[in-house]
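Pasting run_31.txt here (compact mmCIF, C-alpha atoms):
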```txt
# COMPACT_ATOMS: atom_id res chain seq x y z
CA GLU A 1 33.66 121.68 51.98
CA LEU A 2 36.23 122.29 54.71
CA GLY A 3 36.64 119.30 57.00
CA ASN A 4 35.30 116.74 54.53
CA VAL A 5 37.03 113.43 53.82
CA ARG A 6 36.45 112.39 50.19
CA MET A 7 37.08 109.13 48.36
CA VAL A 8 38.05 108.51 44.74
CA VAL A 9 36.65 105.26 43.30
CA ASP A 10 37.89 104.02 39.92
CA GLY A 11 39.16 107.50 39.10
CA GLU A 12 35.90 109.25 40.00
CA LEU A 13 35.24 111.41 43.06
CA ALA A 14 32.43 109.85 45.09
CA PRO A 15 29.52 112.32 45.34
CA GLU A 16 29.14 112.09 49.12
CA PRO A 17 31.93 112.58 51.66
CA VAL A 18 33.06 109.59 53.70
CA ALA A 19 33.14 111.68 56.87
CA HIS A 20 33.18 115.25 58.15
CA VAL A 21 34.92 117.03 61.03
CA ASP A 22 34.31 120.63 62.07
CA VAL A 23 37.64 122.42 61.83
CA THR A 24 39.20 125.66 62.94
CA VAL A 25 40.69 127.33 59.87
CA SER A 26 43.46 129.86 60.45
CA PHE A 27 46.98 129.81 58.99
CA GLU A 28 48.37 126.30 59.78
CA THR A 29 45.20 124.79 61.25
CA GLY A 30 42.42 122.71 59.71
CA LEU A 31 42.14 119.08 58.62
CA LEU A 32 45.88 118.45 58.72
CA GLY A 33 46.60 114.75 58.28
CA ILE A 34 45.14 111.45 57.10
CA ALA A 35 46.32 107.84 57.16
CA VAL A 36 44.72 104.54 56.18
CA ASP A 37 45.03 101.42 58.33
CA PRO A 38 47.58 99.12 56.64
CA GLU A 39 45.17 96.18 57.10
CA TRP A 40 42.41 97.92 55.11
CA PRO A 41 39.75 96.69 54.26
CA ASP A 42 39.92 94.03 57.00
CA GLU A 43 40.52 96.89 59.46
CA PRO A 44 38.52 99.70 57.82
CA TRP A 45 39.90 102.62 59.84
CA LEU A 46 40.83 106.11 58.64
CA TYR A 47 43.03 108.20 60.93
CA LEU A 48 42.55 111.97 60.95
CA TYR A 49 44.44 114.74 62.70
CA TYR A 50 42.59 118.06 62.78
CA SER A 51 42.05 121.34 64.60
CA ASP A 52 38.71 120.85 66.32
CA ALA A 53 36.40 123.85 66.06
CA ALA A 54 34.62 122.81 69.26
CA ASP A 55 37.53 123.58 71.57
CA ALA A 56 40.39 124.86 69.32
CA ARG A 57 42.55 121.83 70.10
CA ASN A 58 44.37 119.56 67.66
CA ARG A 59 43.02 116.03 67.91
CA LEU A 60 43.85 112.58 66.52
CA ILE A 61 40.82 110.41 65.85
CA ARG A 62 40.08 107.27 63.89
CA ILE A 63 36.94 106.67 61.86
CA ARG A 64 35.51 103.27 60.97
CA VAL A 65 34.20 103.09 57.41
CA GLU A 66 31.60 100.73 55.97
CA ASP A 67 30.19 101.00 52.44
CA GLY A 68 32.04 104.27 51.92
CA ARG A 69 30.59 106.08 54.95
CA GLU A 70 31.59 106.67 58.57
CA VAL A 71 29.90 104.36 61.08
CA ASP A 72 31.97 105.06 64.22
CA ARG A 73 34.76 107.29 65.52
CA GLU A 74 37.20 107.20 68.42
CA THR A 75 39.43 109.91 69.89
CA LEU A 76 43.01 108.66 70.29
CA VAL A 77 45.02 111.75 71.30
CA ASP A 78 44.02 115.20 72.50
CA ALA A 79 47.05 117.20 71.38
CA LEU A 80 47.98 120.88 71.70
CA PRO A 81 45.73 123.95 71.60
CA THR A 82 45.71 125.92 68.33
CA ALA A 83 45.97 129.35 69.99
CA ALA A 84 49.14 130.25 68.09
CA ALA A 85 47.63 128.99 64.79
CA TYR A 86 51.10 127.88 63.67
CA HIS A 87 53.38 124.85 64.18
CA ASN A 88 50.58 122.30 64.57
CA GLY A 89 52.10 119.41 62.59
CA GLY A 90 49.71 116.70 61.48
CA ASP A 91 51.44 114.61 58.83
CA MET A 92 51.24 110.91 59.67
CA LEU A 93 51.77 107.44 58.29
CA PHE A 94 52.02 103.81 59.23
CA GLY A 95 55.60 102.58 59.39
CA ALA A 96 56.96 99.26 58.23
CA ASP A 97 56.50 98.07 61.84
CA GLY A 98 52.73 98.65 61.70
CA MET A 99 52.89 101.56 64.14
CA LEU A 100 51.29 104.95 63.49
CA TYR A 101 53.71 107.91 63.40
CA LEU A 102 52.42 111.47 63.83
CA THR A 103 54.23 114.82 63.69
CA VAL A 104 53.31 117.46 66.27
CA GLY A 105 54.73 120.98 66.06
CA ASP A 106 55.85 123.03 69.05
CA ALA A 107 52.78 125.36 68.91
CA HIS A 108 55.15 128.34 68.99
CA ASP A 109 56.53 127.27 72.38
CA GLY A 110 59.97 125.87 71.64
CA GLU A 111 60.62 124.69 75.21
CA ARG A 112 57.98 121.98 74.71
CA ALA A 113 60.24 120.29 72.18
CA GLN A 114 62.83 119.34 74.83
CA ASP A 115 60.34 117.88 77.34
CA PRO A 116 59.97 114.14 76.60
CA ALA A 117 56.61 114.04 78.43
CA ASP A 118 55.12 116.96 76.45
CA LEU A 119 53.50 116.25 73.07
CA GLY A 120 54.83 119.45 71.44
CA GLY A 121 57.78 119.36 69.06
CA LYS A 122 57.73 115.58 68.66
CA VAL A 123 57.20 112.73 66.29
CA LEU A 124 54.83 110.38 68.12
CA ARG A 125 54.62 106.60 67.77
CA LEU A 126 51.34 104.86 68.60
CA MET A 127 49.69 101.49 68.38
CA PRO A 128 46.79 101.52 65.88
CA ASP A 129 44.35 101.79 68.80
CA GLY A 130 46.19 104.86 70.14
CA SER A 131 47.96 103.14 73.03
CA ILE A 132 51.68 103.46 73.83
CA PRO A 133 53.87 100.74 72.28
CA ALA A 134 55.85 98.83 74.90
CA ASP A 135 59.09 99.31 72.93
CA ASN A 136 58.87 103.09 72.52
CA PRO A 137 62.31 104.66 73.14
CA ILE A 138 61.12 106.74 76.10
CA PRO A 139 59.04 104.30 78.16
CA GLY A 140 55.54 105.36 79.11
CA THR A 141 55.35 108.14 76.50
CA LEU A 142 54.25 108.42 72.88
CA THR A 143 57.52 110.21 72.04
CA TYR A 144 59.55 108.64 69.24
CA THR A 145 61.82 111.63 68.48
CA LEU A 146 62.02 115.10 70.01
CA GLY A 147 63.51 118.53 69.41
CA HIS A 148 61.37 119.40 66.37
CA ARG A 149 60.11 122.88 65.48
CA ASN A 150 57.52 122.73 62.70
CA SER A 151 57.28 119.38 60.95
CA PHE A 152 55.50 119.40 57.59
CA GLY A 153 56.34 116.04 56.05
CA LEU A 154 56.80 112.42 57.04
CA CYS A 155 57.67 109.54 54.70
CA VAL A 156 59.01 105.98 54.84
CA ASP A 157 61.66 104.29 52.71
CA PRO A 158 59.98 101.09 51.46
CA ALA A 159 63.38 99.45 50.96
CA THR A 160 64.70 99.92 54.50
CA GLY A 161 61.76 101.05 56.65
CA ASP A 162 63.66 104.26 57.53
CA LEU A 163 61.49 107.25 58.41
CA TRP A 164 62.25 110.74 57.08
CA GLU A 165 60.90 114.09 58.25
CA THR A 166 60.90 117.58 56.75
CA GLU A 167 61.06 120.53 59.10
CA ASN A 168 60.52 124.23 58.54
CA GLY A 169 62.76 126.71 60.32
CA GLU A 170 63.95 130.31 60.28
CA PRO A 171 66.27 130.59 58.45
CA VAL A 172 67.35 126.92 58.26
CA GLU A 173 65.11 124.05 57.15
CA GLU A 174 65.95 120.40 57.68
CA LEU A 175 65.59 116.98 56.09
CA ASN A 176 65.97 114.44 58.91
CA ARG A 177 66.36 110.68 58.99
CA LEU A 178 64.55 109.71 62.19
CA ARG A 179 66.25 107.52 64.78
CA ALA A 180 64.31 106.15 67.77
CA GLY A 181 64.78 108.42 70.77
CA ALA A 182 66.95 110.96 68.92
CA ASN A 183 66.87 114.67 69.78
CA TYR A 184 66.96 117.02 66.76
CA GLY A 185 67.95 120.11 68.69
CA TRP A 186 65.14 122.64 68.71
CA PRO A 187 65.07 125.19 70.37
CA VAL A 188 68.78 124.89 71.22
CA GLY A 189 69.43 125.53 67.54
CA GLN A 190 68.64 124.61 63.97
CA GLY A 191 70.60 122.77 61.33
CA ALA A 192 73.84 120.94 62.14
CA LEU A 193 74.63 121.63 65.81
CA ASP A 194 77.50 119.15 66.02
CA GLN A 195 76.85 118.77 69.74
CA LYS A 196 76.75 115.63 71.84
CA GLY A 197 73.19 114.51 72.49
CA PHE A 198 71.73 115.99 69.30
CA GLN A 199 71.10 114.34 65.94
CA ASP A 200 72.08 116.53 62.98
CA PRO A 201 69.93 116.68 59.81
CA VAL A 202 70.98 114.83 56.67
CA ILE A 203 70.66 118.06 54.70
CA THR A 204 69.84 121.69 55.46
CA LEU A 205 68.04 124.16 53.21
CA THR A 206 67.20 127.84 53.21
CA GLU A 207 64.23 129.82 51.89
CA VAL A 208 62.31 126.88 50.38
CA ALA A 209 60.24 125.52 53.35
CA PRO A 210 59.99 121.77 52.59
CA THR A 211 56.52 120.25 53.03
CA GLY A 212 55.42 116.72 52.08
CA CYS A 213 57.87 114.01 51.07
CA ALA A 214 57.94 110.59 49.42
CA ILE A 215 60.67 108.05 48.68
CA TRP A 216 60.81 106.37 45.29
CA ARG A 217 63.58 104.47 43.50
CA GLY A 218 66.34 105.52 45.87
CA HIS A 219 65.43 109.20 45.97
CA LEU A 220 63.75 111.41 48.53
CA TYR A 221 61.24 113.70 46.81
CA PHE A 222 59.95 116.73 48.65
CA ALA A 223 57.60 119.57 47.83
CA THR A 224 58.08 123.17 48.95
CA TYR A 225 55.92 125.92 50.35
CA GLY A 226 58.30 128.71 49.44
CA ASP A 227 58.49 128.29 45.67
CA GLY A 228 56.24 125.39 44.66
CA ILE A 229 59.10 123.32 43.23
CA LEU A 230 59.31 119.54 43.54
CA ARG A 231 62.86 118.50 44.41
CA ARG A 232 64.65 115.20 44.83
CA LEU A 233 67.69 114.04 46.76
CA ALA A 234 69.49 110.74 46.23
CA LEU A 235 69.47 108.84 49.51
CA ASP A 236 73.17 108.10 49.10
CA GLY A 237 73.85 111.83 48.82
CA SER A 238 75.24 111.57 45.31
CA THR A 239 72.79 113.81 43.45
CA SER A 240 70.10 116.38 43.99
CA GLY A 241 68.02 118.60 41.78
CA THR A 242 64.63 119.96 40.77
CA VAL A 243 61.95 117.81 39.14
CA PHE A 244 58.90 119.94 38.49
CA GLY A 245 57.56 123.43 39.11
CA PHE A 246 53.96 123.85 40.27
CA ASP A 247 51.91 126.99 39.70
CA GLU A 248 51.27 127.24 43.43
CA ARG A 249 52.53 125.92 46.75
CA ALA A 250 52.65 122.15 47.09
CA PHE A 251 51.97 120.39 50.38
CA ASP A 252 52.11 116.63 50.05
CA LEU A 253 53.29 113.74 47.88
CA VAL A 254 52.48 110.06 47.63
CA VAL A 255 53.75 107.24 45.42
CA GLY A 256 50.91 105.74 43.41
```
Show how you would write the structure in this file as structure tokens.
Amino acid sequence: ELGNVRMVVDGELAPEPVAHVDVTVSFETGLLGIAVDPEWPDEPWLYLYYSDAADARNRLIRIRVEDGREVDRETLVDALPTAAAYHNGGDMLFGADGMLYLTVGDAHDGERAQDPADLGGKVLRLMPDGSIPADNPIPGTLTYTLGHRNSFGLCVDPATGDLWETENGEPVEELNRLRAGANYGWPVGQGALDQKGFQDPVITLTEVAPTGCAIWRGHLYFATYGDGILRRLALDGSTSGTVFGFDERAFDLVVG
């Protein structure tokens, strides 16, 4: 059922959902992201980012789980309205520093992406309780990086702690290594701008629309919306290629 959070135990899907949220479903809205507290099960929190059917606004919440079922929930961030139905973001993870990172699209309003105080077009960095970390690059805000258009993937390099982001564009898509406080250029432009004040992507793509990503054994793996192919890129830039072709679009990856 749409909006359900399910759990797999010993290879079997548990019969009852852990939790449910009522979601708006239209194009790029819905239950968009999930992360597990790195201190699980001592801190039994699930983090969800979803398009709330009650008020058509994207929202970050966390749910406390006991014995496989929700016992409490807290709202951490009220993000952007879903009126445009596109560019909502939602991928998230805990970094090597224990902070929660969340992608937020520009909601089809590119000017948001250049306003450090606006949530749109950003990668956000939060404490696990939703508060602003004292060492965030733009003090007093959740902004970690800015200038993003339509982020679909976020992944961490377990060897270095580096964060990577995939970003859909027209016609140029990007694979970005995230640097604290960096500006990735949207809506000034896409791809390599080679302008002072902007961080260029590590690699640009066309017509594949990268989605979820994962880093494994020195390679960045990323799925694609455009053709359903799983690709990989050596982090040192030496090699790239295709790995697998799915029968349909692929949205996310995780290393088991």
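We find atom CA of Thr224 of chain A and atom CA of Gly197 of chain A to be spaced 29.3 Å apart.
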> What's the 7 Å shell around segment 142-155 of chain A, counting only C-alpha atoms, without same-chain residues fewer than 2 positions away, as a PyMOL selection string?
Replying inline: chain A and resi 87+89+91-92+103-106+110+113-114+116+121-126+132+136-138+157+163-169+180-187+211-215
Since we have the selection now, will you write its residues out, keeping C-alpha atoms, as an mmCIF file, keeping the file's coordinate frame?
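File written: selection.cif
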```
data_model
loop_
_atom_site.group_PDB
_atom_site.id
_atom_site.type_symbol
_atom_site.label_atom_id
_atom_site.label_comp_id
_atom_site.auth_asym_id
_atom_site.auth_seq_id
_atom_site.Cartn_x
_atom_site.Cartn_y
_atom_site.Cartn_z
ATOM 1 C CA HIS A 87 53.380 124.850 64.180
ATOM 2 C CA GLY A 89 52.100 119.410 62.590
ATOM 3 C CA ASP A 91 51.440 114.610 58.830
ATOM 4 C CA MET A 92 51.240 110.910 59.670
ATOM 5 C CA THR A 103 54.230 114.820 63.690
ATOM 6 C CA VAL A 104 53.310 117.460 66.270
ATOM 7 C CA GLY A 105 54.730 120.980 66.060
ATOM 8 C CA ASP A 106 55.850 123.030 69.050
ATOM 9 C CA GLY A 110 59.970 125.870 71.640
ATOM 10 C CA ALA A 113 60.240 120.290 72.180
ATOM 11 C CA GLN A 114 62.830 119.340 74.830
ATOM 12 C CA PRO A 116 59.970 114.140 76.600
ATOM 13 C CA GLY A 121 57.780 119.360 69.060
ATOM 14 C CA LYS A 122 57.730 115.580 68.660
ATOM 15 C CA VAL A 123 57.200 112.730 66.290
ATOM 16 C CA LEU A 124 54.830 110.380 68.120
ATOM 17 C CA ARG A 125 54.620 106.600 67.770
ATOM 18 C CA LEU A 126 51.340 104.860 68.600
ATOM 19 C CA ILE A 132 51.680 103.460 73.830
ATOM 20 C CA ASN A 136 58.870 103.090 72.520
ATOM 21 C CA PRO A 137 62.310 104.660 73.140
ATOM 22 C CA ILE A 138 61.120 106.740 76.100
ATOM 23 C CA ASP A 157 61.660 104.290 52.710
ATOM 24 C CA LEU A 163 61.490 107.250 58.410
ATOM 25 C CA TRP A 164 62.250 110.740 57.080
ATOM 26 C CA GLU A 165 60.900 114.090 58.250
ATOM 27 C CA THR A 166 60.900 117.580 56.750
ATOM 28 C CA GLU A 167 61.060 120.530 59.100
ATOM 29 C CA ASN A 168 60.520 124.230 58.540
ATOM 30 C CA GLY A 169 62.760 126.710 60.320
ATOM 31 C CA ALA A 180 64.310 106.150 67.770
ATOM 32 C CA GLY A 181 64.780 108.420 70.770
ATOM 33 C CA ALA A 182 66.950 110.960 68.920
ATOM 34 C CA ASN A 183 66.870 114.670 69.780
ATOM 35 C CA TYR A 184 66.960 117.020 66.760
ATOM 36 C CA GLY A 185 67.950 120.110 68.690
ATOM 37 C CA TRP A 186 65.140 122.640 68.710
ATOM 38 C CA PRO A 187 65.070 125.190 70.370
ATOM 39 C CA THR A 211 56.520 120.250 53.030
ATOM 40 C CA GLY A 212 55.420 116.720 52.080
ATOM 41 C CA CYS A 213 57.870 114.010 51.070
ATOM 42 C CA ALA A 214 57.940 110.590 49.420
ATOM 43 C CA ILE A 215 60.670 108.050 48.680
#
```
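Near Ala19 of chain A, within 9 Å and counting all atoms listed in the file, sit Gly3, Asn4, Val5, Arg6, Glu16, Pro17, Val21, Ile63, Val65, Gly68, Arg69 and Glu70 of chain A, not including residues fewer than 2 positions from it in the same chain.
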>> Could you tell me how far atom CA of Val25 of chain A sits from atom CA of Asp72 of chain A, in Å to one decimal place?
In response: 24.3 Å
Fewer than 4 positions away in the same chain doesn't count, so skip those; otherwise give me all residues within 9 Å of Leu46 of chain A, counting all atoms listed in the file, as a PDB file with C-alpha atoms, in the frame of the given file.
```pdb
ATOM      1  CA  ILE A  34      45.140 111.450  57.100  1.00  0.00           C
ATOM      2  CA  ALA A  35      46.320 107.840  57.160  1.00  0.00           C
ATOM      3  CA  VAL A  36      44.720 104.540  56.180  1.00  0.00           C
ATOM      4  CA  ASP A  37      45.030 101.420  58.330  1.00  0.00           C
ATOM      5  CA  ILE A  61      40.820 110.410  65.850  1.00  0.00           C
ATOM      6  CA  ARG A  62      40.080 107.270  63.890  1.00  0.00           C
ATOM      7  CA  ILE A  63      36.940 106.670  61.860  1.00  0.00           C
ATOM      8  CA  ARG A  64      35.510 103.270  60.970  1.00  0.00           C
ATOM      9  CA  VAL A  65      34.200 103.090  57.410  1.00  0.00           C
TER      10      VAL A  65
END
```
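Nearest residue to His219 of chain A, choosing from A:Glu207, A:Glu173, A:Glu248, A:Asp236 and counting only C-alpha atoms: A:Asp236.
Counting from atom CA of Asp118 of chain A, the distance to atom CA of Pro210 of chain A is 24.8 Å.
When all atoms listed in the file are used to compute distances to Val255 of chain A, the closest of the residues A:Ala234, A:Val156, A:Leu2, A:Leu193 turns out to be A:Val156.
Take the candidates A:Glu28, A:Glu39, A:Asp55, A:Asp115 and check each one against Pro81 of chain A using only C-alpha atoms; the shortest distance goes to A:Asp55.
Distances here use all atoms listed in the file; by that measure, the residue among A:Arg177, A:Lys196, A:Arg57, A:Arg231 closest to Asp78 of chain A is A:Arg57.
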> For Ile203 of chain A, which residue among A:Asn176, A:Ser238, A:Thr82, A:Thr29 is the nearest when counting all atoms listed in the file?
Replying inline: A:Asn176
Could you rebuild segment 108-132 of chain A with N, CA, C and O atoms and give it back as an mmCIF file, in the frame of the given file?
```cif
data_model
loop_
_atom_site.group_PDB
_atom_site.id
_atom_site.type_symbol
_atom_site.label_atom_id
_atom_site.label_comp_id
_atom_site.auth_asym_id
_atom_site.auth_seq_id
_atom_site.Cartn_x
_atom_site.Cartn_y
_atom_site.Cartn_z
ATOM 1 N N HIS A 108 54.478 127.062 68.714
ATOM 2 C CA HIS A 108 55.150 128.340 68.990
ATOM 3 C C HIS A 108 55.641 128.435 70.434
ATOM 4 O O HIS A 108 55.754 129.528 70.993
ATOM 5 N N ASP A 109 55.930 127.298 71.043
ATOM 6 C CA ASP A 109 56.530 127.270 72.380
ATOM 7 C C ASP A 109 57.666 126.261 72.324
ATOM 8 O O ASP A 109 57.494 125.077 72.601
ATOM 9 N N GLY A 110 58.857 126.746 71.929
ATOM 10 C CA GLY A 110 59.970 125.870 71.640
ATOM 11 C C GLY A 110 60.394 125.004 72.825
ATOM 12 O O GLY A 110 60.912 123.899 72.633
ATOM 13 N N GLU A 111 60.186 125.465 74.052
ATOM 14 C CA GLU A 111 60.620 124.690 75.210
ATOM 15 C C GLU A 111 59.901 123.351 75.299
ATOM 16 O O GLU A 111 60.424 122.393 75.881
ATOM 17 N N ARG A 112 58.708 123.254 74.714
ATOM 18 C CA ARG A 112 57.980 121.980 74.710
ATOM 19 C C ARG A 112 58.810 120.881 74.044
ATOM 20 O O ARG A 112 58.728 119.716 74.420
ATOM 21 N N ALA A 113 59.568 121.276 73.023
ATOM 22 C CA ALA A 113 60.240 120.290 72.180
ATOM 23 C C ALA A 113 61.306 119.504 72.925
ATOM 24 O O ALA A 113 61.712 118.427 72.474
ATOM 25 N N GLN A 114 61.793 120.022 74.062
ATOM 26 C CA GLN A 114 62.830 119.340 74.830
ATOM 27 C C GLN A 114 62.277 118.585 76.051
ATOM 28 O O GLN A 114 63.048 117.980 76.790
ATOM 29 N N ASP A 115 60.960 118.600 76.224
ATOM 30 C CA ASP A 115 60.340 117.880 77.340
ATOM 31 C C ASP A 115 59.792 116.564 76.817
ATOM 32 O O ASP A 115 58.792 116.552 76.097
ATOM 33 N N PRO A 116 60.417 115.417 77.151
ATOM 34 C CA PRO A 116 59.970 114.140 76.600
ATOM 35 C C PRO A 116 58.519 113.803 76.912
ATOM 36 O O PRO A 116 57.884 113.045 76.179
ATOM 37 N N ALA A 117 57.975 114.354 78.017
ATOM 38 C CA ALA A 117 56.610 114.040 78.430
ATOM 39 C C ALA A 117 55.577 114.961 77.786
ATOM 40 O O ALA A 117 54.374 114.721 77.908
ATOM 41 N N ASP A 118 56.029 116.022 77.109
ATOM 42 C CA ASP A 118 55.120 116.960 76.450
ATOM 43 C C ASP A 118 54.953 116.532 74.997
ATOM 44 O O ASP A 118 55.914 116.080 74.357
ATOM 45 N N LEU A 119 53.753 116.680 74.443
ATOM 46 C CA LEU A 119 53.500 116.250 73.070
ATOM 47 C C LEU A 119 54.105 117.199 72.041
ATOM 48 O O LEU A 119 54.315 116.811 70.888
ATOM 49 N N GLY A 120 54.378 118.453 72.411
ATOM 50 C CA GLY A 120 54.830 119.450 71.440
ATOM 51 C C GLY A 120 56.231 119.217 70.944
ATOM 52 O O GLY A 120 57.125 118.824 71.701
ATOM 53 N N GLY A 121 56.448 119.470 69.645
ATOM 54 C CA GLY A 121 57.780 119.360 69.060
ATOM 55 C C GLY A 121 58.283 117.941 68.971
ATOM 56 O O GLY A 121 59.481 117.680 69.147
ATOM 57 N N LYS A 122 57.386 117.005 68.669
ATOM 58 C CA LYS A 122 57.730 115.580 68.660
ATOM 59 C C LYS A 122 57.261 114.900 67.376
ATOM 60 O O LYS A 122 56.402 115.407 66.656
ATOM 61 N N VAL A 123 57.834 113.732 67.131
ATOM 62 C CA VAL A 123 57.200 112.730 66.290
ATOM 63 C C VAL A 123 56.727 111.645 67.241
ATOM 64 O O VAL A 123 57.527 111.108 68.029
ATOM 65 N N LEU A 124 55.429 111.352 67.216
ATOM 66 C CA LEU A 124 54.830 110.380 68.120
ATOM 67 C C LEU A 124 54.740 109.012 67.445
ATOM 68 O O LEU A 124 54.616 108.911 66.221
ATOM 69 N N ARG A 125 54.766 107.972 68.255
ATOM 70 C CA ARG A 125 54.620 106.600 67.770
ATOM 71 C C ARG A 125 53.537 105.920 68.603
ATOM 72 O O ARG A 125 53.639 105.854 69.832
ATOM 73 N N LEU A 126 52.491 105.416 67.919
ATOM 74 C CA LEU A 126 51.340 104.860 68.600
ATOM 75 C C LEU A 126 50.996 103.483 68.045
ATOM 76 O O LEU A 126 51.244 103.195 66.870
ATOM 77 N N MET A 127 50.357 102.676 68.872
ATOM 78 C CA MET A 127 49.690 101.490 68.380
ATOM 79 C C MET A 127 48.471 101.939 67.568
ATOM 80 O O MET A 127 47.971 103.053 67.746
ATOM 81 N N PRO A 128 47.964 101.107 66.667
ATOM 82 C CA PRO A 128 46.790 101.520 65.880
ATOM 83 C C PRO A 128 45.574 101.919 66.713
ATOM 84 O O PRO A 128 44.755 102.708 66.258
ATOM 85 N N ASP A 129 45.470 101.405 67.948
ATOM 86 C CA ASP A 129 44.350 101.790 68.800
ATOM 87 C C ASP A 129 44.651 103.022 69.641
ATOM 88 O O ASP A 129 43.846 103.420 70.489
ATOM 89 N N GLY A 130 45.820 103.647 69.428
ATOM 90 C CA GLY A 130 46.190 104.860 70.140
ATOM 91 C C GLY A 130 46.995 104.646 71.392
ATOM 92 O O GLY A 130 47.453 105.619 72.009
ATOM 93 N N SER A 131 47.218 103.408 71.805
ATOM 94 C CA SER A 131 47.960 103.140 73.030
ATOM 95 C C SER A 131 49.469 103.269 72.790
ATOM 96 O O SER A 131 49.936 103.358 71.655
ATOM 97 N N ILE A 132 50.230 103.286 73.887
ATOM 98 C CA ILE A 132 51.680 103.460 73.830
ATOM 99 C C ILE A 132 52.348 102.110 73.567
ATOM 100 O O ILE A 132 52.150 101.161 74.333
#
```
